[in-house]
>>> print(open('start_24.csv').read())   # CSV, C-alpha atoms and all ligand atoms
chain,number,residue,atom,x,y,z
A,1,MET,CA,3.4,-3.6,3.1
A,2,LYS,CA,0.1,-2.4,4.4
A,3,VAL,CA,-2.0,-4.2,7.0
A,4,HIS,CA,-5.6,-3.8,8.2
A,5,GLU,CA,-6.7,-1.6,11.0
A,6,TYR,CA,-7.3,-4.6,13.3
A,7,GLN,CA,-3.8,-5.9,12.7
A,8,GLY,CA,-2.2,-2.5,13.2
A,9,LYS,CA,-4.0,-2.2,16.5
A,10,ALA,CA,-3.0,-5.6,17.7
A,11,VAL,CA,0.7,-4.7,16.9
A,12,LEU,CA,0.4,-1.4,18.8
A,13,GLU,CA,-1.1,-3.1,21.8
A,14,ARG,CA,2.1,-5.0,22.2
A,15,TYR,CA,3.9,-1.7,22.7
A,16,GLY,CA,1.5,-0.5,25.4
A,17,VAL,CA,-0.4,1.7,23.0
A,18,ARG,CA,-4.1,1.7,24.1
A,19,THR,CA,-6.4,1.0,21.2
A,20,GLN,CA,-10.2,0.7,20.8
A,21,ARG,CA,-10.9,-3.0,21.4
A,22,GLY,CA,-12.7,-5.1,18.8
A,23,ILE,CA,-13.4,-8.4,17.3
A,24,VAL,CA,-12.8,-9.4,13.6
A,25,VAL,CA,-15.8,-11.0,11.9
A,26,GLU,CA,-16.7,-12.2,8.5
A,27,THR,CA,-20.5,-12.9,8.7
A,28,PRO,CA,-23.5,-10.8,10.1
A,29,GLN,CA,-24.2,-13.5,12.7
A,30,GLN,CA,-20.6,-13.2,14.0
A,31,ALA,CA,-21.1,-9.4,14.1
A,32,GLY,CA,-24.1,-9.9,16.4
A,33,GLU,CA,-22.1,-12.3,18.6
A,34,ALA,CA,-19.2,-9.8,18.7
A,35,TYR,CA,-21.6,-7.1,19.7
A,36,ALA,CA,-22.9,-9.2,22.6
A,37,GLN,CA,-19.4,-10.2,23.6
A,38,LEU,CA,-18.2,-6.6,23.8
A,39,GLY,CA,-20.9,-6.0,26.4
A,40,GLY,CA,-21.5,-2.3,25.9
A,41,ASP,CA,-24.6,-0.6,24.4
A,42,LEU,CA,-22.7,1.3,21.7
A,43,ALA,CA,-20.5,-0.5,19.2
A,44,VAL,CA,-18.9,0.5,15.9
A,45,ILE,CA,-18.8,-1.6,12.8
A,46,LYS,CA,-15.7,-0.9,10.7
A,47,ALA,CA,-15.0,-2.2,7.2
A,48,GLN,CA,-11.5,-3.6,6.9
A,49,ILE,CA,-9.9,-2.5,3.7
A,50,HIS,CA,-6.4,-1.1,3.0
A,51,ALA,CA,-7.7,2.5,2.5
A,52,GLY,CA,-8.5,5.4,4.7
A,53,GLY,CA,-11.6,7.7,4.6
A,54,ARG,CA,-13.9,4.8,5.3
A,55,GLY,CA,-16.1,6.8,7.6
A,56,LYS,CA,-17.1,9.3,4.9
A,57,GLY,CA,-17.7,6.4,2.4
A,58,GLY,CA,-20.1,4.5,4.7
A,59,GLY,CA,-17.6,2.0,6.0
A,60,VAL,CA,-17.8,3.0,9.7
A,61,LYS,CA,-21.2,2.8,11.5
A,62,LEU,CA,-22.3,3.2,15.1
A,63,VAL,CA,-24.8,0.6,16.3
A,64,LYS,CA,-26.9,0.4,19.5
A,65,ASN,CA,-28.2,-3.2,19.6
A,66,ARG,CA,-27.5,-6.7,18.4
A,67,GLN,CA,-30.0,-6.6,15.6
A,68,GLU,CA,-28.7,-3.3,14.3
A,69,ALA,CA,-25.2,-4.8,14.4
A,70,GLU,CA,-26.3,-7.7,12.2
A,71,GLU,CA,-28.1,-5.5,9.8
A,72,VAL,CA,-25.3,-3.1,9.3
A,73,ALA,CA,-22.8,-6.0,9.0
A,74,ASP,CA,-25.1,-7.6,6.4
A,75,ALA,CA,-25.1,-4.4,4.3
A,76,MET,CA,-21.4,-3.7,4.7
A,77,LEU,CA,-20.0,-7.2,3.9
A,78,GLY,CA,-19.7,-7.6,0.2
A,79,MET,CA,-20.1,-4.0,-0.6
A,80,MET,CA,-17.7,-2.2,-2.9
A,81,LEU,CA,-16.5,0.6,-0.5
A,82,LYS,CA,-15.5,3.8,-2.3
A,83,THR,CA,-13.2,6.3,-0.5
A,84,HIS,CA,-10.8,8.9,-1.8
A,85,GLN,CA,-8.1,6.3,-1.5
A,86,THR,CA,-9.7,3.3,-3.2
A,87,GLY,CA,-10.1,4.4,-6.8
A,88,PRO,CA,-13.5,4.8,-8.6
A,89,GLU,CA,-14.5,1.1,-8.5
A,90,GLY,CA,-14.0,0.8,-4.8
A,91,GLN,CA,-12.7,-2.1,-2.7
A,92,LEU,CA,-14.6,-5.2,-1.8
A,93,VAL,CA,-15.3,-5.5,2.0
A,94,ARG,CA,-14.6,-9.1,3.2
A,95,LYS,CA,-14.0,-8.5,6.9
A,96,LEU,CA,-15.4,-6.2,9.6
A,97,PHE,CA,-13.9,-5.0,12.9
A,98,VAL,CA,-16.7,-4.8,15.5
A,99,CYS,CA,-15.3,-2.4,18.2
A,100,GLU,CA,-16.4,-1.1,21.5
A,101,GLY,CA,-18.2,2.2,21.1
A,102,LEU,CA,-16.5,5.1,22.9
A,103,ASP,CA,-17.8,8.4,24.0
A,104,LEU,CA,-15.4,10.9,22.5
A,105,ALA,CA,-14.4,14.1,24.2
A,106,SER,CA,-11.9,15.1,21.5
A,107,GLU,CA,-10.2,13.8,18.4
A,108,MET,CA,-6.6,14.5,17.4
A,109,TYR,CA,-4.0,13.3,15.0
A,110,VAL,CA,-0.6,11.7,15.6
A,111,GLY,CA,1.6,9.9,13.1
A,112,ILE,CA,5.1,8.9,12.4
A,113,ALA,CA,6.5,8.8,8.9
A,114,LEU,CA,10.0,8.8,7.4
A,115,ASP,CA,11.2,12.3,6.4
A,116,ARG,CA,13.4,11.6,3.4
A,117,HIS,CA,14.8,15.1,3.5
A,118,LEU,CA,16.0,14.9,7.1
A,119,GLY,CA,16.8,11.2,6.8
A,120,VAL,CA,15.0,10.3,10.1
A,121,PRO,CA,11.4,9.4,11.2
A,122,VAL,CA,9.3,12.4,12.2
A,123,LEU,CA,6.5,12.5,14.7
A,124,MET,CA,3.6,14.7,13.5
A,125,ALA,CA,0.9,15.9,15.8
A,126,CYS,CA,-2.2,18.0,15.1
A,127,ALA,CA,-5.0,19.0,17.5
A,128,ASP,CA,-7.6,18.4,14.8
A,129,GLY,CA,-8.5,14.7,14.4
A,130,GLY,CA,-9.9,13.0,11.3
A,131,VAL,CA,-8.3,15.5,9.0
A,132,GLU,CA,-6.1,14.8,6.0
A,133,ILE,CA,-2.6,15.5,7.3
A,134,GLU,CA,-1.3,16.4,3.8
A,135,THR,CA,-4.0,19.2,3.6
A,136,ILE,CA,-3.1,20.6,7.0
A,137,ALA,CA,0.7,20.6,6.1
A,138,GLU,CA,-0.1,22.6,3.0
A,139,GLN,CA,-2.8,25.0,4.2
A,140,ASP,CA,-2.0,25.5,7.9
A,141,PRO,CA,1.5,24.4,8.6
A,142,ASP,CA,1.5,26.0,12.0
A,143,ALA,CA,-1.2,23.6,13.2
A,144,LEU,CA,1.2,20.7,12.7
A,145,LEU,CA,4.0,19.9,15.1
A,146,ARG,CA,6.9,18.0,13.6
A,147,LEU,CA,9.5,16.4,15.8
A,148,PRO,CA,12.5,14.5,14.3
A,149,ILE,CA,13.1,11.2,16.1
A,150,ASN,CA,16.7,10.0,16.6
A,151,PRO,CA,16.5,6.4,15.3
A,152,MET,CA,19.1,5.2,17.8
A,153,THR,CA,17.3,6.4,20.9
A,154,GLY,CA,13.7,6.8,19.8
A,155,LEU,CA,11.3,9.5,20.8
A,156,GLN,CA,12.5,11.1,24.1
A,157,PRO,CA,10.1,11.7,27.0
A,158,HIS,CA,10.6,15.5,26.7
A,159,GLN,CA,9.6,15.3,23.0
A,160,ALA,CA,6.5,13.2,23.9
A,161,ARG,CA,5.5,15.8,26.6
A,162,ARG,CA,6.0,18.6,24.1
A,163,ALA,CA,3.7,16.8,21.6
A,164,ALA,CA,1.1,16.1,24.3
A,165,PHE,CA,1.0,19.8,25.3
A,166,PHE,CA,0.8,20.8,21.7
A,167,LEU,CA,-2.3,18.7,21.3
A,168,GLY,CA,-3.9,20.8,24.1
A,169,LEU,CA,-4.0,17.9,26.7
A,170,ASP,CA,-4.1,18.8,30.4
A,171,ALA,CA,-1.5,17.6,32.9
A,172,GLY,CA,-3.4,14.4,33.8
A,173,LEU,CA,-3.8,13.4,30.1
A,174,VAL,CA,-0.2,14.2,29.3
A,175,LYS,CA,0.8,11.5,31.7
A,176,LYS,CA,-1.2,9.0,29.6
A,177,ALA,CA,-0.2,10.4,26.3
A,178,VAL,CA,3.6,10.2,26.9
A,179,PRO,CA,3.8,6.3,27.2
A,180,PHE,CA,1.4,6.1,24.3
A,181,LEU,CA,3.6,8.2,22.0
A,182,ILE,CA,6.8,6.5,23.2
A,183,GLY,CA,5.2,3.1,22.5
A,184,LEU,CA,4.2,4.3,19.0
A,185,SER,CA,7.8,5.4,18.3
A,186,LYS,CA,9.2,2.1,19.6
A,187,ALA,CA,6.8,0.1,17.4
A,188,TYR,CA,7.8,2.3,14.4
A,189,LEU,CA,11.5,1.7,14.9
A,190,GLU,CA,11.6,-1.9,15.9
A,191,LEU,CA,9.1,-3.1,13.3
A,192,ASP,CA,10.7,-1.3,10.3
A,193,CYS,CA,7.5,0.8,9.8
A,194,GLU,CA,7.0,3.1,6.9
A,195,ILE,CA,4.0,4.8,8.4
A,196,ALA,CA,2.3,4.5,11.8
A,197,GLU,CA,-0.6,6.9,11.8
A,198,ILE,CA,-3.3,7.3,14.5
A,199,ASN,CA,-6.1,9.3,13.0
A,200,PRO,CA,-7.9,10.0,15.2
A,201,LEU,CA,-6.3,9.7,18.6
A,202,VAL,CA,-9.1,10.4,21.0
A,203,VAL,CA,-9.7,11.4,24.6
A,204,THR,CA,-12.8,9.7,25.9
A,205,GLU,CA,-15.3,11.2,28.2
A,206,GLN,CA,-13.8,8.9,30.9
A,207,GLY,CA,-10.4,10.5,30.4
A,208,GLU,CA,-8.6,7.8,28.5
A,209,VAL,CA,-6.2,8.3,25.6
A,210,VAL,CA,-7.1,5.8,22.9
A,211,ALA,CA,-6.1,5.0,19.3
A,212,LEU,CA,-9.5,4.9,17.5
A,213,ASP,CA,-7.9,4.1,14.2
A,214,ALA,CA,-4.5,2.7,13.2
A,215,LYS,CA,-2.8,2.8,9.8
A,216,MET,CA,0.4,0.8,9.8
A,217,SER,CA,2.6,0.1,6.9
A,218,PHE,CA,5.9,-1.8,7.0
A,219,ASP,CA,9.0,-1.9,4.8
A,220,SER,CA,8.5,-4.9,2.6
A,221,ASN,CA,12.3,-5.4,2.3
A,222,ALA,CA,12.5,-5.9,6.1
A,223,MET,CA,9.7,-8.6,6.3
A,224,TYR,CA,12.3,-11.4,6.3
A,225,ARG,CA,13.0,-10.4,9.9
A,226,HIS,CA,9.4,-10.0,11.0
A,227,GLN,CA,7.8,-13.4,10.1
A,228,ASP,CA,4.7,-12.6,12.2
A,229,LEU,CA,4.1,-9.3,10.3
A,230,ALA,CA,4.8,-10.9,6.9
A,231,GLU,CA,1.9,-13.3,7.7
A,232,MET,CA,-0.4,-10.4,8.0
A,233,ARG,CA,-0.1,-9.7,4.3
A,234,ASP,CA,-3.6,-9.7,2.7
A,235,GLU,CA,-3.1,-10.3,-1.0
A,236,ASN,CA,-6.8,-9.6,-1.6
A,237,GLU,CA,-6.1,-5.9,-1.0
A,238,GLU,CA,-3.2,-5.7,-3.5
A,239,ASP,CA,-3.0,-5.3,-7.2
A,240,LEU,CA,-3.5,-8.8,-8.6
A,241,LYS,CA,-0.8,-8.3,-11.3
A,242,GLU,CA,1.7,-7.1,-8.7
A,243,VAL,CA,1.0,-10.1,-6.5
A,244,GLU,CA,1.6,-12.5,-9.4
A,245,ALA,CA,4.7,-10.7,-10.4
A,246,SER,CA,6.2,-10.9,-6.9
A,247,ARG,CA,5.7,-14.7,-7.0
A,248,PHE,CA,8.2,-14.8,-9.9
A,249,GLY,CA,10.6,-12.4,-8.3
A,250,LEU,CA,9.8,-9.7,-10.8
A,251,ASN,CA,9.7,-6.0,-9.8
A,252,TYR,CA,6.4,-4.9,-11.3
A,253,ILE,CA,4.3,-1.9,-10.5
A,254,SER,CA,1.0,-1.0,-12.2
A,255,LEU,CA,0.7,2.5,-13.7
A,256,ASP,CA,-2.0,4.3,-15.6
A,257,GLY,CA,-0.6,4.6,-19.1
A,258,SER,CA,-1.0,2.5,-22.3
A,259,ILE,CA,2.4,1.2,-23.1
A,260,GLY,CA,3.5,-2.1,-21.4
A,261,CYS,CA,7.2,-2.2,-20.7
A,262,MET,CA,9.5,-5.1,-20.2
A,263,VAL,CA,13.0,-4.0,-19.2
A,264,ASN,CA,16.0,-5.3,-17.3
A,265,GLY,CA,17.5,-3.1,-14.5
A,266,ALA,CA,15.6,-0.5,-12.6
A,267,GLY,CA,17.7,2.4,-14.1
A,268,LEU,CA,17.0,1.3,-17.6
A,269,ALA,CA,13.3,0.8,-16.7
A,270,MET,CA,13.2,4.4,-15.5
A,271,ALA,CA,15.0,5.7,-18.6
A,272,THR,CA,12.6,3.7,-20.8
A,273,MET,CA,9.6,5.2,-19.1
A,274,ASP,CA,11.0,8.7,-19.5
A,275,THR,CA,11.7,8.1,-23.1
A,276,ILE,CA,8.1,6.9,-23.7
A,277,ASN,CA,6.9,10.1,-22.1
A,278,LEU,CA,9.2,12.1,-24.3
A,279,HIS,CA,7.5,10.6,-27.3
A,280,GLY,CA,4.1,11.5,-26.1
A,281,CYS,CA,2.8,8.3,-24.5
A,282,THR,CA,2.7,7.0,-20.9
A,283,PRO,CA,3.8,3.7,-19.5
A,284,ALA,CA,1.3,1.1,-18.2
A,285,ASN,CA,3.8,-0.4,-15.8
A,286,PHE,CA,7.3,-0.4,-14.3
A,287,LEU,CA,8.9,-3.8,-14.8
A,288,ASP,CA,12.4,-4.7,-14.0
A,289,VAL,CA,12.9,-8.4,-14.8
A,290,GLY,CA,16.3,-8.4,-13.1
A,291,GLY,CA,19.4,-10.3,-14.1
A,292,GLY,CA,18.6,-13.8,-13.1
A,293,ALA,CA,15.0,-14.2,-14.4
A,294,THR,CA,14.2,-17.6,-16.0
A,295,GLU,CA,12.4,-18.2,-19.3
A,296,GLU,CA,9.3,-19.1,-17.2
A,297,ALA,CA,9.5,-15.8,-15.3
A,298,ILE,CA,9.8,-13.8,-18.6
A,299,THR,CA,6.8,-15.7,-20.0
A,300,GLU,CA,4.9,-14.8,-16.9
A,301,ALA,CA,5.9,-11.2,-17.1
A,302,PHE,CA,4.7,-11.0,-20.6
A,303,ARG,CA,1.4,-12.6,-19.7
A,304,ILE,CA,0.9,-10.1,-16.9
A,305,ILE,CA,1.6,-7.2,-19.2
A,306,LEU,CA,-0.9,-8.6,-21.8
A,307,SER,CA,-3.6,-9.2,-19.1
A,308,ASP,CA,-3.7,-5.5,-18.5
A,309,GLU,CA,-6.6,-4.0,-20.6
A,310,LYS,CA,-5.0,-0.6,-20.6
A,311,VAL,CA,-2.0,-1.9,-22.6
A,312,LYS,CA,-2.2,-0.9,-26.2
A,313,GLY,CA,1.4,-1.7,-27.2
A,314,ILE,CA,4.5,-3.3,-25.7
A,315,LEU,CA,8.1,-2.1,-25.7
A,316,VAL,CA,10.7,-4.7,-24.8
A,317,ASN,CA,14.0,-3.0,-24.0
A,318,ILE,CA,16.8,-5.3,-22.9
A,319,PHE,CA,20.4,-4.5,-22.4
A,320,GLY,CA,21.8,-8.0,-21.9
A,321,GLY,CA,24.5,-8.2,-19.3
A,322,ILE,CA,23.8,-10.9,-16.8
A,323,MET,CA,20.4,-11.3,-18.4
A,324,LYS,CA,20.8,-13.0,-21.8
A,325,CYS,CA,18.9,-11.8,-24.8
A,326,ASP,CA,18.0,-15.3,-25.9
A,327,ILE,CA,16.2,-16.0,-22.6
A,328,ILE,CA,14.1,-12.9,-23.2
A,329,ALA,CA,13.4,-14.0,-26.8
A,330,ARG,CA,12.4,-17.4,-25.6
A,331,GLY,CA,10.1,-15.9,-22.9
A,332,VAL,CA,8.4,-13.7,-25.4
A,333,ILE,CA,7.9,-16.6,-27.8
A,334,GLY,CA,6.7,-18.8,-24.9
A,335,ALA,CA,4.1,-16.2,-23.9
A,336,ALA,CA,2.9,-15.8,-27.5
A,337,LYS,CA,2.1,-19.5,-27.6
A,338,THR,CA,-0.4,-19.3,-24.8
A,339,VAL,CA,-1.8,-15.8,-25.3
A,340,ASP,CA,-2.6,-14.0,-28.5
A,341,ILE,CA,-0.5,-10.9,-29.1
A,342,SER,CA,-2.8,-8.7,-31.1
A,343,ILE,CA,-1.2,-5.3,-30.2
A,344,PRO,CA,2.0,-3.7,-31.5
A,345,LEU,CA,5.2,-5.1,-30.1
A,346,VAL,CA,8.5,-3.3,-30.5
A,347,VAL,CA,11.7,-5.1,-29.3
A,348,ARG,CA,15.1,-3.6,-28.7
A,349,LEU,CA,17.8,-6.1,-27.8
A,350,GLU,CA,21.4,-5.4,-27.2
A,351,GLY,CA,24.3,-7.2,-25.4
A,352,THR,CA,24.9,-10.8,-24.3
A,353,ASN,CA,23.6,-13.4,-26.8
A,354,VAL,CA,22.0,-10.6,-28.9
A,355,ASP,CA,22.4,-12.4,-32.2
A,356,GLU,CA,20.8,-15.6,-30.9
A,357,GLY,CA,17.9,-13.6,-29.4
A,358,ARG,CA,17.3,-11.7,-32.6
A,359,LYS,CA,17.4,-14.9,-34.7
A,360,LEU,CA,14.9,-16.6,-32.4
A,361,LEU,CA,12.5,-13.7,-32.7
A,362,ALA,CA,12.9,-13.4,-36.5
A,363,GLU,CA,12.2,-17.1,-37.0
A,364,SER,CA,9.3,-17.1,-34.5
A,365,GLY,CA,6.7,-15.9,-37.0
A,366,LEU,CA,5.6,-13.2,-34.5
A,367,ASP,CA,4.8,-9.7,-35.8
A,368,ILE,CA,7.6,-7.8,-34.1
A,369,THR,CA,9.1,-4.5,-35.0
A,370,SER,CA,12.8,-4.3,-34.0
A,371,ALA,CA,14.5,-1.2,-32.9
A,372,ALA,CA,18.2,-0.3,-32.9
A,373,SER,CA,18.1,2.0,-29.9
A,374,LEU,CA,16.0,3.0,-26.9
A,375,ASP,CA,15.0,6.2,-28.5
A,376,GLU,CA,13.9,4.5,-31.7
A,377,GLY,CA,12.1,1.8,-29.8
A,378,ALA,CA,10.1,4.3,-27.8
A,379,LYS,CA,9.3,6.4,-30.9
A,380,LEU,CA,8.1,3.4,-32.8
A,381,ILE,CA,5.8,2.0,-30.1
A,382,CYS,CA,4.4,5.5,-29.5
A,383,GLN,CA,3.7,6.0,-33.2
A,384,ALA,CA,2.1,2.5,-33.5
A,385,VAL,CA,-0.2,3.1,-30.4
A,386,LYS,CA,-1.2,6.6,-31.5
A,387,ALA,CA,-2.0,5.2,-35.0
A,388,GLY,CA,-4.2,2.5,-33.5
A,389,ALA,CA,-6.0,4.8,-31.1
A,401,LIG,P1,-11.5,6.3,8.6
A,401,LIG,O1,-12.7,7.1,8.2
A,401,LIG,O2,-11.2,5.2,7.6
A,401,LIG,O3,-10.3,7.0,8.9
A,401,LIG,O4,-12.0,5.5,9.9
A,401,LIG,P2,-11.8,5.8,11.5
A,401,LIG,O5,-11.5,4.6,12.2
A,401,LIG,O6,-10.9,7.0,11.6
A,401,LIG,O7,-13.3,6.3,11.9
A,401,LIG,C1,-14.0,7.4,11.3
A,401,LIG,C2,-14.7,8.2,12.3
A,401,LIG,O8,-15.7,7.4,13.0
A,401,LIG,C3,-13.8,8.7,13.5
A,401,LIG,O9,-13.1,9.8,13.2
A,401,LIG,C4,-14.9,9.0,14.6
A,401,LIG,O10,-15.4,10.3,14.4
A,401,LIG,C5,-15.9,8.0,14.3
A,401,LIG,N1,-15.9,6.9,15.3
A,401,LIG,C6,-15.2,5.7,15.2
A,401,LIG,N2,-15.3,5.0,16.3
A,401,LIG,C7,-16.1,5.7,17.1
A,401,LIG,C8,-16.6,5.5,18.5
A,401,LIG,O11,-16.4,4.5,19.1
A,401,LIG,N3,-17.5,6.5,19.0
A,401,LIG,C9,-17.8,7.6,18.3
A,401,LIG,N4,-18.6,8.5,18.8
A,401,LIG,N5,-17.3,7.8,17.0
A,401,LIG,C10,-16.5,6.9,16.5
A,402,MN,MN,-9.1,7.3,10.5
>>> encode(input="start_24.csv", output="structure tokens", more="lines below")
Ligand code: GDP
Ligand code: MN
Amino acid sequence: MKVHEYQGKAVLERYGVRTQRGIVVETPQQAGEAYAQLGGDLAVIKAQIHAGGRGKGGGVKLVKNRQEAEEVADAMLGMMLKTHQTGPEGQLVRKLFVCEGLDLASEMYVGIALDRHLGVPVLMACADGGVEIETIAEQDPDALLRLPINPMTGLQPHQARRAAFFLGLDAGLVKKAVPFLIGLSKAYLELDCEIAEINPLVVTEQGEVVALDAKMSFDSNAMYRHQDLAEMRDENEEDLKEVEASRFGLNYISLDGSIGCMVNGAGLAMATMDTINLHGCTPANFLDVGGGATEEAITEAFRIILSDEKVKGILVNIFGGIMKCDIIARGVIGAAKTVDISIPLVVRLEGTNVDEGRKLLAESGLDITSAASLDEGAKLICQAVKAGA
């Protein structure tokens, strides 16, 4: 679960990580008031969206007086901000973070992410700030320091000192960077983070070590033990279809292909997606309806798939174990009553209550092609979609 920069910074402050101060606003007038309240000459207006690269896209602007703050805020609020992480249509800007302007002496990178290979979080540090860390890792790996963190003990002071020296900080700044990095590590471990990235970490002309940006993302499965973080979720920033699906307890992830999939069990869903690829098409989504889904949830799942304009055909592949085939059939029929199914639909049902499920579908009057196996189902839907294209 991602959060906005202003939320990430508030979380980090609790761990003694010094961040660039700011005030969240939603109108140009509030931006002007925030400018005045911050009290300095220089301020920065920063668009709050769940994507990086805002600076290059016009979502981070320096302002020098109250009027300029209001004008910049007016232009930024409501804009579709495009960055390399948003997709071509961009992301609507609804909130701004008006921050104290800092005089920067240098910009660096630090971040913590899970290294799935080592099975522990790793602190990454790079003396170049504002860069794409993936690019550095690929093109100039020696410029990137990687320190594995023991999850039981956290980042150790000697590791923090090593990272600070690697960043080229002098002895005085190292003293400030060490608690900063240890705080970052503590936040990462205690809050079940997936990513905690400070890009850039800056040294100001006044000799302070400050997080100028903060990208925090948390493990959604751990949100039950962090109620305060769970409340930071901003559904406006998420895929609408994924948000709806999560309300019904469905595991749904949007993808780029043309074949909508309705499957029970994550393993079967993966196999179904592979088989669709094998027959020359690509899936429009991953959907595991699980074992305990109700008829209403299945109806909703079907509606979500149909609401996706990319979907040119649907493959339902159910191996009824705990999930009963008749529930799936009823859900499909229920959805067909409220939305018109005008695209090819292939259904493969097997397992618990299969006869009843097949009978319901056969008597429904819906135009359904049934398949006897996963392979046949994938083949049939791919053929139908290719024929229609
Ligand atoms: P991102 O582009 O989405 O990663 O947004 P950042 O928060 O990292 O800001 C982008 C860039 O704006 C930073 O790398 C800085 O160079 C610049 N910037 C942000 N705040 C300040 C500031 O207070 N003073 C100065 N001089 N530059 C700033
Ligand atoms: Mn940044």
>>> residues_near_ligand(input="start_24.csv", ligand="ligand LIG 401 (chain A)", cutoff="10 Å", atoms="only C-alpha atoms and all ligand atoms", output="JSON, numbers by chain")
{"A": [5, 20, 21, 42, 43, 44, 45, 46, 47, 48, 49, 50, 51, 52, 53, 54, 55, 56, 57, 58, 59, 60, 61, 62, 63, 83, 85, 97, 98, 99, 100, 101, 102, 103, 104, 105, 106, 107, 108, 109, 129, 130, 131, 132, 198, 199, 200, 201, 202, 204, 211, 212, 213, 214, 215]}
>>> closest_residue(input="start_24.csv", among="A:Gly257, A:Gly22, A:Gly377, A:Gly111", to="ligand MN 402 (chain A)", atoms="all atoms listed in the file")
A:Gly111
>>> atom_distance(input="start_24.csv", atom1="CA of Gly249 in chain A", atom2="CA of Met273 in chain A")
20.7 Å
>>> closest_residue(input="start_24.csv", among="A:Glu300, A:Asp192, A:Asp128, A:Asp367", to="ligand MN 402 (chain A)", atoms="all atoms listed in the file")
A:Asp128
>>> residues_near_point(input="start_24.csv", point="(-20.8, -7.9, 11.2)", cutoff="10 Å", atoms="only C-alpha atoms", output="PDB file with C-alpha atoms, in the frame of the given file")
ATOM      1  CA  ILE A  23     -13.400  -8.400  17.300  1.00  0.00           C
ATOM      2  CA  VAL A  24     -12.800  -9.400  13.600  1.00  0.00           C
ATOM      3  CA  VAL A  25     -15.800 -11.000  11.900  1.00  0.00           C
ATOM      4  CA  GLU A  26     -16.700 -12.200   8.500  1.00  0.00           C
ATOM      5  CA  THR A  27     -20.500 -12.900   8.700  1.00  0.00           C
ATOM      6  CA  PRO A  28     -23.500 -10.800  10.100  1.00  0.00           C
ATOM      7  CA  GLN A  29     -24.200 -13.500  12.700  1.00  0.00           C
ATOM      8  CA  GLN A  30     -20.600 -13.200  14.000  1.00  0.00           C
ATOM      9  CA  ALA A  31     -21.100  -9.400  14.100  1.00  0.00           C
ATOM     10  CA  GLY A  32     -24.100  -9.900  16.400  1.00  0.00           C
ATOM     11  CA  GLU A  33     -22.100 -12.300  18.600  1.00  0.00           C
ATOM     12  CA  ALA A  34     -19.200  -9.800  18.700  1.00  0.00           C
ATOM     13  CA  TYR A  35     -21.600  -7.100  19.700  1.00  0.00           C
ATOM     14  CA  VAL A  44     -18.900   0.500  15.900  1.00  0.00           C
ATOM     15  CA  ILE A  45     -18.800  -1.600  12.800  1.00  0.00           C
ATOM     16  CA  LYS A  46     -15.700  -0.900  10.700  1.00  0.00           C
ATOM     17  CA  ALA A  47     -15.000  -2.200   7.200  1.00  0.00           C
ATOM     18  CA  ARG A  66     -27.500  -6.700  18.400  1.00  0.00           C
ATOM     19  CA  GLU A  68     -28.700  -3.300  14.300  1.00  0.00           C
ATOM     20  CA  ALA A  69     -25.200  -4.800  14.400  1.00  0.00           C
ATOM     21  CA  GLU A  70     -26.300  -7.700  12.200  1.00  0.00           C
ATOM     22  CA  GLU A  71     -28.100  -5.500   9.800  1.00  0.00           C
ATOM     23  CA  VAL A  72     -25.300  -3.100   9.300  1.00  0.00           C
ATOM     24  CA  ALA A  73     -22.800  -6.000   9.000  1.00  0.00           C
ATOM     25  CA  ASP A  74     -25.100  -7.600   6.400  1.00  0.00           C
ATOM     26  CA  ALA A  75     -25.100  -4.400   4.300  1.00  0.00           C
ATOM     27  CA  MET A  76     -21.400  -3.700   4.700  1.00  0.00           C
ATOM     28  CA  LEU A  77     -20.000  -7.200   3.900  1.00  0.00           C
ATOM     29  CA  LYS A  95     -14.000  -8.500   6.900  1.00  0.00           C
ATOM     30  CA  LEU A  96     -15.400  -6.200   9.600  1.00  0.00           C
ATOM     31  CA  PHE A  97     -13.900  -5.000  12.900  1.00  0.00           C
ATOM     32  CA  VAL A  98     -16.700  -4.800  15.500  1.00  0.00           C
TER      33      VAL A  98
END
>>> atom_distance(input="start_24.csv", atom1="CA of Ile328 in chain A", atom2="CA of Ala301 in chain A")
10.4 Å
>>> residues_around(input="start_24.csv", residues="Thr369 in chain A", least_positions_apart="3", cutoff="8 Å", atoms="all atoms listed in the file", output="list in words")
Pro344, Leu345, Val346 and Val347 of chain A
>>> residues_around(input="start_24.csv", residues="Asn277 in chain A", least_positions_apart="5", cutoff="12 Å", atoms="only C-alpha atoms", output="number ranges by chain")
A: 257-259, 270-272, 282-284, 375, 378-379, 381-382
>>> atom_distance(input="start_24.csv", atom1="CA of Arg94 in chain A", atom2="CA of Glu238 in chain A")
13.7 Å
